[in-house]
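Notes follow the structure.
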2 protein chains.
Amino acid sequence: MINKLIENIKKTNAPIVVGLDPMLSYVPEQVVKQAFAELGETLEGVAEAVWQFNKEIIDKTYDLIPAVKPQIAMYEQFGIPGLEAFKKTVDYCKEKGLVVIGDIKRGDIGSTSAAYAAGHLGRVQAGSKSFVPFGEDFVTVNPYMGSDCVKPFIDVCKQEKKGLFILVKTSNPSSGEFQDRLVDGRPLYELVGEKVQEWGDACMGGEYSYIGAVVGATYPEQGKQLRKLMPKAYILVPGYGAQGGKGKDLAHFFNEDGLGAIVNSSRGIIAAYKQEKYGKYGPENFGEASRAAVEDMIADIRGVL
Amino acid sequence: MINKLIENIKKTNAPIVVGLDPMLSYVPEQVVKQAFAELGETLEGVAEAVWQFNKEIIDKTYDLIPAVKPQIAMYEQFGIPGLEAFKKTVDYCKEKGLVVIGDIKRGDIGSTSAAYAAGHLGRVQAGSKSFVPFGEDFVTVNPYMGSDCVKPFIDVCKQEKKGLFILVKTSNPSSGEFQDRLVDGRPLYELVGEKVQEWGDACMGGEYSYIGAVVGATYPEQGKQLRKLMPKAYILVPGYGAQGGKGKDLAHFFNEDGLGAIVNSSRGIIAAYKQEKYGKYGPENFGEASRAAVEDMIADIRGVL
């Protein structure tokens, strides 16, 4: 799957990923109204609004981008109907040829991580039949519990040709509270980065490993350092745009081949129509606004490479 | 909710929690057959088997225990139908007066943690109506991303009178890989424990805080140390039984008032009928076997206090 991701990136010449993290407040009123008219003011109604919103954005941007990153929390908050909208979104993006990174940040003791891995990246058995419960291509994993929390995910990736992005240095303001603490004079995130490199070494797709890392755009210096530490890991870079990361901060997340990183923007793309810059589109053409925002983001990042 | 948990513990004189983590291999053949006869070899069929299995165990044990801890991964692996079984399980346990600890180990940047918190502990709006998507009483949280990942959960706990158990020192073999690394001469888990104490100080139910910690039974020395560091935090102790933790290891997780900790057993209770010790019940009476295992666990732990 890392090879397909790289192929998609080369084809689009766009190392970006659109974060499908639909807060209900991003969904234009006409979309919500229509969904409530059909399904009432219910969780089903909200989930339908979210799904219709996603579908329009995917339809208007899929030819420009290599991948999407739905944030499962934004669906899970609406219970079962929300998770149905997540699944529909994953399936639809795959139909469109996009690589789907499930931003699930799971991680637990061995047998439990194995269950998450089967559910999100693999298959489960029901008697003699096998099913693909969620079917993402990559997922994000939280490493706090150590190797035996990560390994079951790696095992499923090997079998199913999928991939991981492991949290190393996250984009949020308080990420340093534990991640930056010095262990033998080196920040914890470096130790995690070393482990990612070690795990990834045994999991090469072609030029790159299918065990990648998450490093926030908001920490460019750390990104530079981690790039060197994990030369073969793909880096998923959140925090661009709305969280404060800028194009010029991103250069060092990439390798000299122009590959090795993929930059996520969520709000900046999916709620573009709310920005003054794209205001001319209006809420009725929110998909067109997202397309324009994708084009601008691609231009910004190409300018850096 | 911490007060209700303590009340339930006093009423049953049993500081234990039953982990409802149903691997399909734990579910007796007759239960699976019945579910497949009704719903086919499908995810719906598997989910029905899991739900019927849980229901029987709850029916046979609820009067002996204060709380349950469903592990969401074991449901999520079966996709949407699995998560429906999770929700049914949560609802049924609450009807029976049990406190429900959702073992979800979530955690993300602020707005995303807020979505998880709303979905699992709080409410969400759909137009003018509000809904409780999953409705657990407590959830487990992964702190790797720092304070701004934890705070949105705390906010919802305050509003809704719910609670948290934050991962401090987990029960798995490789938990030390990052958690034990020394920061200024002290292991990382101590720093996390200090944070739990700090967050919890502002969140007192009565004698105890509703911000608790997860510390594995497999690390009794660390438990002793963390007990002192977080005197007002309830400690959720996984790893008893099947993972290797024994009753005698548990004394120091408790305070002198006999409170302050709640010990989880999953496989040891729900798959008791597979153990030689409870073999006489047979798979047809798996609920009775679980009841006997609960009684033995309670006796073991009472012997320590």
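Naming scheme: A, B, ... for chains in displayed order of the structure tokens; residues 1 onward per chain; ligands 1 onward as shown.
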- Message: Please identify all residues of chain A having at least one atom at most 8 Å from any atom of chain B, considering only C-alpha atoms, and return them as a ChimeraX atom specification.
- Response: /A:41-43,45-46,73-74,76-80,83-84,105-110,112-113,115-120,124,126-129,131,133-134,142,144-149,170-179,181-184,188,192
Based on the backbone DSSP call, show me all residues of segment 18-249 of chain B assigned strand (DSSP E or B), as a PDB file with N, CA, C and O atoms, in the first residue's frame.
ATOM      1  N   VAL B  18     -15.486  -6.891  35.981  1.00  0.00           N
ATOM      2  CA  VAL B  18     -15.438  -7.981  35.001  1.00  0.00           C
ATOM      3  C   VAL B  18     -15.220  -7.388  33.615  1.00  0.00           C
ATOM      4  O   VAL B  18     -15.994  -6.537  33.164  1.00  0.00           O
ATOM      5  N   ALA B  67     -19.071  -3.374  38.818  1.00  0.00           N
ATOM      6  CA  ALA B  67     -18.778  -2.714  37.537  1.00  0.00           C
ATOM      7  C   ALA B  67     -18.336  -3.719  36.480  1.00  0.00           C
ATOM      8  O   ALA B  67     -17.911  -4.830  36.805  1.00  0.00           O
ATOM      9  N   VAL B  68     -18.452  -3.298  35.240  1.00  0.00           N
ATOM     10  CA  VAL B  68     -17.925  -4.075  34.114  1.00  0.00           C
ATOM     11  C   VAL B  68     -17.041  -3.174  33.257  1.00  0.00           C
ATOM     12  O   VAL B  68     -17.156  -1.952  33.312  1.00  0.00           O
ATOM     13  N   GLN B  71     -14.245  -4.021  26.574  1.00  0.00           N
ATOM     14  CA  GLN B  71     -13.105  -3.596  25.765  1.00  0.00           C
ATOM     15  C   GLN B  71     -13.627  -3.380  24.349  1.00  0.00           C
ATOM     16  O   GLN B  71     -13.967  -4.347  23.644  1.00  0.00           O
ATOM     17  N   VAL B  99     -21.784  -0.099  37.065  1.00  0.00           N
ATOM     18  CA  VAL B  99     -21.012   1.008  36.503  1.00  0.00           C
ATOM     19  C   VAL B  99     -20.255   0.462  35.286  1.00  0.00           C
ATOM     20  O   VAL B  99     -19.676  -0.624  35.355  1.00  0.00           O
ATOM     21  N   VAL B 100     -20.298   1.217  34.199  1.00  0.00           N
ATOM     22  CA  VAL B 100     -19.686   0.738  32.948  1.00  0.00           C
ATOM     23  C   VAL B 100     -18.430   1.550  32.606  1.00  0.00           C
ATOM     24  O   VAL B 100     -18.509   2.759  32.391  1.00  0.00           O
ATOM     25  N   ILE B 101     -17.308   0.860  32.589  1.00  0.00           N
ATOM     26  CA  ILE B 101     -16.035   1.477  32.216  1.00  0.00           C
ATOM     27  C   ILE B 101     -15.737   1.082  30.772  1.00  0.00           C
ATOM     28  O   ILE B 101     -15.448  -0.080  30.491  1.00  0.00           O
ATOM     29  N   GLY B 102     -15.859   2.028  29.862  1.00  0.00           N
ATOM     30  CA  GLY B 102     -15.568   1.742  28.453  1.00  0.00           C
ATOM     31  C   GLY B 102     -14.053   1.731  28.257  1.00  0.00           C
ATOM     32  O   GLY B 102     -13.411   2.771  28.400  1.00  0.00           O
ATOM     33  N   ASP B 103     -13.506   0.561  27.939  1.00  0.00           N
ATOM     34  CA  ASP B 103     -12.053   0.508  27.752  1.00  0.00           C
ATOM     35  C   ASP B 103     -11.764   0.862  26.300  1.00  0.00           C
ATOM     36  O   ASP B 103     -11.728  -0.006  25.423  1.00  0.00           O
ATOM     37  N   ILE B 104     -11.599   2.157  26.068  1.00  0.00           N
ATOM     38  CA  ILE B 104     -11.501   2.656  24.694  1.00  0.00           C
ATOM     39  C   ILE B 104     -10.106   3.220  24.382  1.00  0.00           C
ATOM     40  O   ILE B 104      -9.748   3.369  23.240  1.00  0.00           O
ATOM     41  N   LYS B 105      -9.352   3.574  25.402  1.00  0.00           N
ATOM     42  CA  LYS B 105      -7.979   4.092  25.248  1.00  0.00           C
ATOM     43  C   LYS B 105      -7.871   5.105  24.105  1.00  0.00           C
ATOM     44  O   LYS B 105      -6.969   5.029  23.274  1.00  0.00           O
ATOM     45  N   ARG B 106      -8.792   6.074  24.088  1.00  0.00           N
ATOM     46  CA  ARG B 106      -8.737   7.107  23.071  1.00  0.00           C
ATOM     47  C   ARG B 106      -7.858   8.258  23.553  1.00  0.00           C
ATOM     48  O   ARG B 106      -7.442   8.302  24.715  1.00  0.00           O
ATOM     49  N   VAL B 124     -24.547  14.520  22.160  1.00  0.00           N
ATOM     50  CA  VAL B 124     -24.351  15.329  20.965  1.00  0.00           C
ATOM     51  C   VAL B 124     -25.699  15.875  20.522  1.00  0.00           C
ATOM     52  O   VAL B 124     -26.744  15.305  20.831  1.00  0.00           O
ATOM     53  N   GLN B 125     -25.653  16.981  19.800  1.00  0.00           N
ATOM     54  CA  GLN B 125     -26.875  17.621  19.314  1.00  0.00           C
ATOM     55  C   GLN B 125     -27.180  17.190  17.882  1.00  0.00           C
ATOM     56  O   GLN B 125     -26.252  17.072  17.070  1.00  0.00           O
ATOM     57  N   ALA B 126     -28.441  16.981  17.602  1.00  0.00           N
ATOM     58  CA  ALA B 126     -28.896  16.855  16.219  1.00  0.00           C
ATOM     59  C   ALA B 126     -30.044  17.850  16.099  1.00  0.00           C
ATOM     60  O   ALA B 126     -31.152  17.563  16.541  1.00  0.00           O
ATOM     61  N   LYS B 129     -32.506  18.463  19.138  1.00  0.00           N
ATOM     62  CA  LYS B 129     -32.551  17.294  20.024  1.00  0.00           C
ATOM     63  C   LYS B 129     -31.144  16.863  20.454  1.00  0.00           C
ATOM     64  O   LYS B 129     -30.190  17.024  19.711  1.00  0.00           O
ATOM     65  N   SER B 130     -31.069  16.271  21.639  1.00  0.00           N
ATOM     66  CA  SER B 130     -29.760  15.790  22.090  1.00  0.00           C
ATOM     67  C   SER B 130     -29.793  14.273  22.302  1.00  0.00           C
ATOM     68  O   SER B 130     -30.812  13.706  22.698  1.00  0.00           O
ATOM     69  N   PHE B 131     -28.656  13.638  22.020  1.00  0.00           N
ATOM     70  CA  PHE B 131     -28.576  12.176  22.068  1.00  0.00           C
ATOM     71  C   PHE B 131     -27.352  11.725  22.867  1.00  0.00           C
ATOM     72  O   PHE B 131     -26.354  12.444  22.914  1.00  0.00           O
ATOM     73  N   PHE B 138     -17.432   5.644  32.690  1.00  0.00           N
ATOM     74  CA  PHE B 138     -16.013   5.991  32.702  1.00  0.00           C
ATOM     75  C   PHE B 138     -15.441   5.559  31.354  1.00  0.00           C
ATOM     76  O   PHE B 138     -15.990   4.649  30.724  1.00  0.00           O
ATOM     77  N   VAL B 139     -14.328   6.187  30.941  1.00  0.00           N
ATOM     78  CA  VAL B 139     -13.550   5.623  29.833  1.00  0.00           C
ATOM     79  C   VAL B 139     -12.072   5.674  30.181  1.00  0.00           C
ATOM     80  O   VAL B 139     -11.648   6.448  31.051  1.00  0.00           O
ATOM     81  N   THR B 140     -11.295   4.838  29.509  1.00  0.00           N
ATOM     82  CA  THR B 140      -9.843   4.890  29.630  1.00  0.00           C
ATOM     83  C   THR B 140      -9.293   5.829  28.552  1.00  0.00           C
ATOM     84  O   THR B 140      -9.847   5.918  27.452  1.00  0.00           O
ATOM     85  N   VAL B 141      -8.214   6.551  28.914  1.00  0.00           N
ATOM     86  CA  VAL B 141      -7.640   7.565  28.021  1.00  0.00           C
ATOM     87  C   VAL B 141      -6.124   7.363  27.935  1.00  0.00           C
ATOM     88  O   VAL B 141      -5.468   7.076  28.935  1.00  0.00           O
ATOM     89  N   GLY B 163     -16.346   9.839  34.648  1.00  0.00           N
ATOM     90  CA  GLY B 163     -14.964   9.719  35.133  1.00  0.00           C
ATOM     91  C   GLY B 163     -14.024   9.101  34.112  1.00  0.00           C
ATOM     92  O   GLY B 163     -14.447   8.588  33.071  1.00  0.00           O
ATOM     93  N   LEU B 164     -12.734   9.174  34.417  1.00  0.00           N
ATOM     94  CA  LEU B 164     -11.684   8.659  33.530  1.00  0.00           C
ATOM     95  C   LEU B 164     -10.726   7.737  34.289  1.00  0.00           C
ATOM     96  O   LEU B 164     -10.527   7.903  35.488  1.00  0.00           O
ATOM     97  N   PHE B 165     -10.119   6.837  33.548  1.00  0.00           N
ATOM     98  CA  PHE B 165      -8.930   6.138  34.023  1.00  0.00           C
ATOM     99  C   PHE B 165      -7.855   6.366  32.964  1.00  0.00           C
ATOM    100  O   PHE B 165      -8.016   5.934  31.805  1.00  0.00           O
ATOM    101  N   ILE B 166      -6.793   7.044  33.366  1.00  0.00           N
ATOM    102  CA  ILE B 166      -5.747   7.425  32.414  1.00  0.00           C
ATOM    103  C   ILE B 166      -4.603   6.415  32.474  1.00  0.00           C
ATOM    104  O   ILE B 166      -4.144   6.057  33.563  1.00  0.00           O
ATOM    105  N   LEU B 167      -4.145   5.962  31.321  1.00  0.00           N
ATOM    106  CA  LEU B 167      -3.046   4.980  31.279  1.00  0.00           C
ATOM    107  C   LEU B 167      -1.802   5.571  31.921  1.00  0.00           C
ATOM    108  O   LEU B 167      -1.313   6.613  31.482  1.00  0.00           O
ATOM    109  N   VAL B 168      -1.286   4.926  32.942  1.00  0.00           N
ATOM    110  CA  VAL B 168      -0.066   5.381  33.595  1.00  0.00           C
ATOM    111  C   VAL B 168       1.014   4.316  33.395  1.00  0.00           C
ATOM    112  O   VAL B 168       2.019   4.552  32.733  1.00  0.00           O
ATOM    113  N   LYS B 169       0.768   3.128  33.945  1.00  0.00           N
ATOM    114  CA  LYS B 169       1.732   2.022  33.781  1.00  0.00           C
ATOM    115  C   LYS B 169       0.895   0.802  33.391  1.00  0.00           C
ATOM    116  O   LYS B 169       0.169   0.246  34.230  1.00  0.00           O
ATOM    117  N   LEU B 182      13.819   6.752  32.041  1.00  0.00           N
ATOM    118  CA  LEU B 182      14.086   7.717  33.107  1.00  0.00           C
ATOM    119  C   LEU B 182      14.185   9.143  32.581  1.00  0.00           C
ATOM    120  O   LEU B 182      14.946   9.434  31.663  1.00  0.00           O
ATOM    121  N   VAL B 183      13.404  10.013  33.198  1.00  0.00           N
ATOM    122  CA  VAL B 183      13.424  11.439  32.899  1.00  0.00           C
ATOM    123  C   VAL B 183      13.883  12.123  34.190  1.00  0.00           C
ATOM    124  O   VAL B 183      13.202  11.999  35.220  1.00  0.00           O
ATOM    125  N   ARG B 186      13.750   9.789  36.986  1.00  0.00           N
ATOM    126  CA  ARG B 186      12.485   9.178  37.390  1.00  0.00           C
ATOM    127  C   ARG B 186      11.758   8.611  36.175  1.00  0.00           C
ATOM    128  O   ARG B 186      11.759   9.222  35.110  1.00  0.00           O
ATOM    129  N   PRO B 187      11.110   7.452  36.333  1.00  0.00           N
ATOM    130  CA  PRO B 187      10.448   6.861  35.165  1.00  0.00           C
ATOM    131  C   PRO B 187       9.301   7.737  34.655  1.00  0.00           C
ATOM    132  O   PRO B 187       8.614   8.394  35.442  1.00  0.00           O
ATOM    133  N   MET B 204     -12.647  16.291  42.516  1.00  0.00           N
ATOM    134  CA  MET B 204     -12.962  15.359  43.584  1.00  0.00           C
ATOM    135  C   MET B 204     -14.455  15.035  43.592  1.00  0.00           C
ATOM    136  O   MET B 204     -15.300  15.918  43.470  1.00  0.00           O
ATOM    137  N   SER B 209     -11.105  11.171  43.674  1.00  0.00           N
ATOM    138  CA  SER B 209     -11.260  11.950  42.452  1.00  0.00           C
ATOM    139  C   SER B 209     -11.925  11.095  41.375  1.00  0.00           C
ATOM    140  O   SER B 209     -11.814   9.862  41.394  1.00  0.00           O
ATOM    141  N   TYR B 210     -12.593  11.756  40.456  1.00  0.00           N
ATOM    142  CA  TYR B 210     -13.136  10.981  39.337  1.00  0.00           C
ATOM    143  C   TYR B 210     -12.158  10.901  38.164  1.00  0.00           C
ATOM    144  O   TYR B 210     -12.500  10.386  37.108  1.00  0.00           O
ATOM    145  N   ILE B 211     -10.933  11.374  38.401  1.00  0.00           N
ATOM    146  CA  ILE B 211      -9.864  11.153  37.413  1.00  0.00           C
ATOM    147  C   ILE B 211      -8.935  10.086  37.993  1.00  0.00           C
ATOM    148  O   ILE B 211      -8.144  10.358  38.908  1.00  0.00           O
ATOM    149  N   GLY B 212      -9.052   8.878  37.502  1.00  0.00           N
ATOM    150  CA  GLY B 212      -8.279   7.758  38.006  1.00  0.00           C
ATOM    151  C   GLY B 212      -7.141   7.380  37.069  1.00  0.00           C
ATOM    152  O   GLY B 212      -6.855   8.077  36.095  1.00  0.00           O
ATOM    153  N   ALA B 213      -6.515   6.249  37.384  1.00  0.00           N
ATOM    154  CA  ALA B 213      -5.333   5.812  36.636  1.00  0.00           C
ATOM    155  C   ALA B 213      -5.425   4.323  36.346  1.00  0.00           C
ATOM    156  O   ALA B 213      -6.088   3.574  37.060  1.00  0.00           O
ATOM    157  N   VAL B 214      -4.750   3.909  35.288  1.00  0.00           N
ATOM    158  CA  VAL B 214      -4.588   2.479  34.988  1.00  0.00           C
ATOM    159  C   VAL B 214      -3.169   2.075  35.363  1.00  0.00           C
ATOM    160  O   VAL B 214      -2.204   2.680  34.875  1.00  0.00           O
ATOM    161  N   VAL B 215      -3.043   1.099  36.247  1.00  0.00           N
ATOM    162  CA  VAL B 215      -1.729   0.562  36.627  1.00  0.00           C
ATOM    163  C   VAL B 215      -1.854  -0.963  36.668  1.00  0.00           C
ATOM    164  O   VAL B 215      -2.707  -1.494  37.386  1.00  0.00           O
ATOM    165  N   ALA B 233      -6.509   9.161  43.678  1.00  0.00           N
ATOM    166  CA  ALA B 233      -6.938   8.612  42.384  1.00  0.00           C
ATOM    167  C   ALA B 233      -7.383   7.163  42.572  1.00  0.00           C
ATOM    168  O   ALA B 233      -6.699   6.378  43.231  1.00  0.00           O
ATOM    169  N   TYR B 234      -8.512   6.822  41.991  1.00  0.00           N
ATOM    170  CA  TYR B 234      -8.874   5.409  41.932  1.00  0.00           C
ATOM    171  C   TYR B 234      -7.978   4.740  40.894  1.00  0.00           C
ATOM    172  O   TYR B 234      -7.726   5.295  39.823  1.00  0.00           O
ATOM    173  N   ILE B 235      -7.491   3.553  41.238  1.00  0.00           N
ATOM    174  CA  ILE B 235      -6.630   2.843  40.284  1.00  0.00           C
ATOM    175  C   ILE B 235      -7.385   1.649  39.707  1.00  0.00           C
ATOM    176  O   ILE B 235      -7.896   0.806  40.445  1.00  0.00           O
ATOM    177  N   LEU B 236      -7.469   1.636  38.390  1.00  0.00           N
ATOM    178  CA  LEU B 236      -8.023   0.478  37.685  1.00  0.00           C
ATOM    179  C   LEU B 236      -6.851  -0.450  37.390  1.00  0.00           C
ATOM    180  O   LEU B 236      -5.867  -0.035  36.764  1.00  0.00           O
ATOM    181  N   VAL B 237      -6.960  -1.693  37.886  1.00  0.00           N
ATOM    182  CA  VAL B 237      -5.827  -2.615  37.838  1.00  0.00           C
ATOM    183  C   VAL B 237      -6.125  -3.783  36.889  1.00  0.00           C
ATOM    184  O   VAL B 237      -6.796  -4.739  37.262  1.00  0.00           O
ATOM    185  N   TYR B 240      -4.790  -8.966  36.230  1.00  0.00           N
ATOM    186  CA  TYR B 240      -4.995 -10.019  37.234  1.00  0.00           C
ATOM    187  C   TYR B 240      -5.425 -11.292  36.504  1.00  0.00           C
ATOM    188  O   TYR B 240      -6.151 -11.242  35.524  1.00  0.00           O
ATOM    189  N   GLY B 245      -1.042 -11.514  37.033  1.00  0.00           N
ATOM    190  CA  GLY B 245      -1.129 -10.845  38.327  1.00  0.00           C
ATOM    191  C   GLY B 245      -1.855 -11.724  39.343  1.00  0.00           C
ATOM    192  O   GLY B 245      -2.820 -12.398  39.003  1.00  0.00           O
TER     193      GLY B 245
END
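All residues of protein, DNA or RNA that reach within 9 Å of Glu194 of chain A, judged by only C-alpha atoms and not counting those fewer than 4 positions away in the chain, are Tyr189, Glu190, Glu198, Trp199, Leu226, Leu229 and Met230 of chain A.
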For the residues in the current selection, export N, CA, C and O atoms as a tab-separated table (two decimals), in the first residue's frame.
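Wrote result38.tsv, looks like this:
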chain	number	residue	atom	x	y	z
A	189	TYR	N	10.47	11.55	22.02
A	189	TYR	CA	9.99	11.32	20.65
A	189	TYR	C	11.10	10.75	19.76
A	189	TYR	O	10.82	10.02	18.81
A	190	GLU	N	12.36	11.06	20.09
A	190	GLU	CA	13.46	10.47	19.32
A	190	GLU	C	13.55	8.97	19.54
A	190	GLU	O	13.81	8.21	18.60
A	198	GLU	N	13.33	1.06	13.40
A	198	GLU	CA	13.65	-0.35	13.62
A	198	GLU	C	12.50	-1.25	13.12
A	198	GLU	O	12.72	-2.20	12.38
A	199	TRP	N	11.26	-0.91	13.53
A	199	TRP	CA	10.11	-1.70	13.07
A	199	TRP	C	9.99	-1.63	11.55
A	199	TRP	O	9.69	-2.62	10.88
A	226	LEU	N	13.94	14.28	12.93
A	226	LEU	CA	13.31	12.96	12.79
A	226	LEU	C	13.43	12.44	11.36
A	226	LEU	O	13.54	11.24	11.14
A	229	LEU	N	16.59	10.67	11.28
A	229	LEU	CA	16.57	9.48	12.14
A	229	LEU	C	15.80	8.34	11.49
A	229	LEU	O	16.06	7.16	11.76
A	230	MET	N	14.83	8.68	10.66
A	230	MET	CA	13.95	7.66	10.05
A	230	MET	C	13.94	7.87	8.54
A	230	MET	O	12.91	8.23	7.97
- Item | Near-Val17 of chain B list (8 Å; only C-alpha atoms; drop same-chain fewer than 6 positions) as a ChimeraX atom specification | /B:65-69,262-265
Serialized selection, N, CA, C and O atoms, as an mmCIF file, in the first residue's frame:
data_model
loop_
_atom_site.group_PDB
_atom_site.id
_atom_site.type_symbol
_atom_site.label_atom_id
_atom_site.label_comp_id
_atom_site.auth_asym_id
_atom_site.auth_seq_id
_atom_site.Cartn_x
_atom_site.Cartn_y
_atom_site.Cartn_z
ATOM 1 N N ILE B 65 -21.102 -8.012 41.607
ATOM 2 C CA ILE B 65 -20.014 -7.114 41.160
ATOM 3 C C ILE B 65 -20.485 -5.662 41.052
ATOM 4 O O ILE B 65 -21.673 -5.399 40.855
ATOM 5 N N PRO B 66 -19.540 -4.731 41.194
ATOM 6 C CA PRO B 66 -19.913 -3.314 41.096
ATOM 7 C C PRO B 66 -19.874 -2.755 39.677
ATOM 8 O O PRO B 66 -20.561 -1.787 39.380
ATOM 9 N N ALA B 67 -19.071 -3.374 38.818
ATOM 10 C CA ALA B 67 -18.778 -2.714 37.537
ATOM 11 C C ALA B 67 -18.336 -3.719 36.480
ATOM 12 O O ALA B 67 -17.911 -4.830 36.805
ATOM 13 N N VAL B 68 -18.452 -3.298 35.240
ATOM 14 C CA VAL B 68 -17.925 -4.075 34.114
ATOM 15 C C VAL B 68 -17.041 -3.174 33.257
ATOM 16 O O VAL B 68 -17.156 -1.952 33.312
ATOM 17 N N LYS B 69 -16.173 -3.808 32.491
ATOM 18 C CA LYS B 69 -15.289 -3.043 31.603
ATOM 19 C C LYS B 69 -15.287 -3.683 30.222
ATOM 20 O O LYS B 69 -14.472 -4.546 29.935
ATOM 21 N N ILE B 262 -9.616 -0.939 41.915
ATOM 22 C CA ILE B 262 -10.608 -1.882 41.401
ATOM 23 C C ILE B 262 -9.893 -2.775 40.393
ATOM 24 O O ILE B 262 -9.211 -2.294 39.489
ATOM 25 N N VAL B 263 -9.980 -4.084 40.629
ATOM 26 C CA VAL B 263 -9.153 -5.042 39.901
ATOM 27 C C VAL B 263 -9.970 -5.695 38.794
ATOM 28 O O VAL B 263 -11.069 -6.209 39.050
ATOM 29 N N ASN B 264 -9.435 -5.652 37.585
ATOM 30 C CA ASN B 264 -10.148 -6.240 36.445
ATOM 31 C C ASN B 264 -9.681 -7.663 36.157
ATOM 32 O O ASN B 264 -8.492 -7.952 36.188
ATOM 33 N N SER B 265 -10.640 -8.524 35.845
ATOM 34 C CA SER B 265 -10.299 -9.795 35.214
ATOM 35 C C SER B 265 -11.241 -9.981 34.038
ATOM 36 O O SER B 265 -12.445 -9.770 34.148
#
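Among the candidates A:Pro28, A:Gly205, A:Pro70, A:Pro15, the residue lying nearest to Gly287 of chain A is A:Pro28 (atoms considered: only C-alpha atoms).
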